[in-house]
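Here the structure is laid out as C-alpha cells; the discussion comes afterwards.
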Amino acid sequence: MSRKSKRSLKEKFALKNSLVKEALSEFLGTFILIMLGCGCVGQAVLSRGVHGGPMTVSVGFSMAVTIAVYVSGGVSDAFMEYSNGTLEVIGPNATAHIFATYPAPYLSLINGFADQVMSTAVLLLAIFAIFDSRNNSVPKGLEPIAVGLLITVLTCSLGMNSGCAMNPARDLGPRLFTAIAGWGMEVFTAGNNWWWVPIIAPMLGGILGAVIYIVFIEIHHSDSEPGEENDMHDKYELTNMESQWNYSQQDAIEARISAQRIKLSG
C-alpha cells in the first residue's frame with residue numbers, strides 16, 4: 001500500500017468532530033479504569049482476601065486511574081462458586097460491591113453524602129495543584145502518576161465508609177450493569193437508596209474543591225511565573241558580563257592600536 005493510499009485511509013477514518021473524539025477517548029479511559037479497578041476489587045472479594053485486600057485494592061485502583069489517564073489523556077464462574085449460585089447485594093456473600101460502591105452498615109445517608117463531598121473536594125483541590133504551572137507543578141508527563149498516588153492516599157484514608165467513589169462514571173455505569181446482569185433493582189435500594197449519593201455528592205465536592213484552591217491559592221499568584229524573576233536576574237547578569245567582556249576586548253584592541261602608533265611615530 002502506497003504512502004498516498006495510507007494517508008487517504010487515515011483521513012477517511014480519522015474523526016473530525018472534537019466532541020466525538022473526546023467522547024471516544026473518555027469511553028476508552030473509563031473502560032480501562034473500571035476494568036482494572038473493579039478487577040482488583042473482584043480478585044480480593046472472590047478470593048476472600050487470599051489474593052488481595054484493602055491495600056491491593058487501593059494501589060490497584062490508583063494504578064488503574066493512572067493507566068486510564070495515560071490512555072485518554074467479564075463475569076466469570078467465580079461469582080457462582082463464591083455466592084452459592086446467587087448474586088447478592090448485601091450480606092457476607094455479597095458481590096455487587098465489586099462494581100459499585102455501597103455504604104458501610106453504620107453510615108447514615110447524610111454522613112455518607114458529606115463523606116463523598118469531602119473526599120471529592122480534596123481530590124479536585126489536589127488535582128488543581130498538580131496541574132498548576134504557577135505552583136510546584138509536577139513535571140510534564142508525570143501528572144498521571146501523581147494523580148494515581150493521590151487516589152492511593154484518598155482510598156487509604158477515606159475509603160472505609162463507602163469506598164471513595166469520587167466519580168459518577170466510576171459508580172453509575174457499573175451499578176446499571178449489575179442491575180441488568182442478575183443482581184436486580186436491589187442495587188438501587190440498598191443502603192437506604194444510596195445509589196444517588198455517588199452521583200450528586202462528587203459533583204458538589206468537585207466544585208467545592210476547585211473553589212477552595214482558586215480562592216486560597218490560584219488567585220494570589222503573581223503575574224510572573226515561578227522562577228521568572230530569577231531567570232530575568234540571571235539574564236541581566238549574563239548581559240552585564242557580556243557587556244563587560246566586550247568593553248574589555250575593545251579596550252585591549254584600542255591599547256594595541258595605540259602601541260602600534262607609538263612604535264610607528266618612534
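Residue numbering restarts at 1 in every chain; chains get A, B, ... in the order shown in the C-alpha cells, and ligands count up from 1 in that same order.
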
_Report as a ChimeraX atom specification all protein, DNA and RNA residues lying within 9 Å of region 110-127 of chain A, evaluated on only C-alpha atoms, omitting residues in the same chain fewer than 2 positions from it._
/A:103-104,107-108,129-132,143,146-147,150-151,154,158-159,161-162,164-167,194,197-198,200-214

Each residue of region 61-160 of chain A lying at most 6 Å from region 173-189 of chain A should get a row with its shortest atom-to-atom pair and the distance in Å to one decimal, counting only C-alpha atoms; could you produce that, ordered by chain and increasing number, as CSV?
```
residue,atom,partner,partner_atom,distance
A:Leu87,CA,A:Trp183,CA,5.3
A:Phe99,CA,A:Pro174,CA,5.3
A:Ala100,CA,A:Arg175,CA,5.4
```

Dump as a compact mmCIF listing (two decimals), in the first residue's frame, selection limited to N, CA and C atoms:
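The result, written out as selection-v2.txt:
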```txt
# COMPACT_ATOMS: atom_id res chain seq x y z
N LEU A 87 -26.57 -14.03 43.17
CA LEU A 87 -25.88 -12.75 43.08
C LEU A 87 -26.49 -11.83 44.13
N PHE A 99 -18.48 -3.92 41.82
CA PHE A 99 -18.67 -2.99 40.71
C PHE A 99 -19.02 -1.58 41.16
N ALA A 100 -19.92 -1.44 42.10
CA ALA A 100 -20.35 -0.11 42.54
C ALA A 100 -20.06 0.03 44.04
```

*Return as a ChimeraX atom specification the full set of residues in region 41-213 of chain A whose backbone-based DSSP assignment is helix (DSSP H, G or I).*
/A:41-46,54-72,78-82,96-98,109-130,143-158,168-180,186-213

_CA of Gly37 (chain A) to CA of Leu149 (chain A), straight-line distance in Å_ =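 Atom-to-atom, CA of Leu149 (chain A) to CA of Gly37 (chain A), that is 14.3 Å.
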
*Between CA of Phe13 (chain A) and CA of Ser25 (chain A), measure the distance and give it in Å to one decimal.*
15.4 Å

*Name all residues at most 10 Å from region 47-64 of chain A (count only C-alpha atoms; drop same-chain ones fewer than 4 positions away) and give them as a PyMOL selection string.*
chain A and resi 29-30+32-43+68-70+78+82+93+144-156+159-160+163

_Please report the interatomic distance between CA of Ala14 (chain A) and CA of Gly141 (chain A) in Å with one decimal._
25.1 Å

*Best match for closeness to Glu218 (chain A) among A:Thr86, A:Asn136, A:Thr95, A:Ser18, counting only C-alpha atoms*: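 Using only C-alpha atoms, Glu218 (chain A) sits closest to A:Asn136.
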
*Have a look at A:Gly91, A:Pro105, A:Pro168, A:Gly73 and name the one nearest to Gly191 (chain A); count only C-alpha atoms.*
A:Pro105
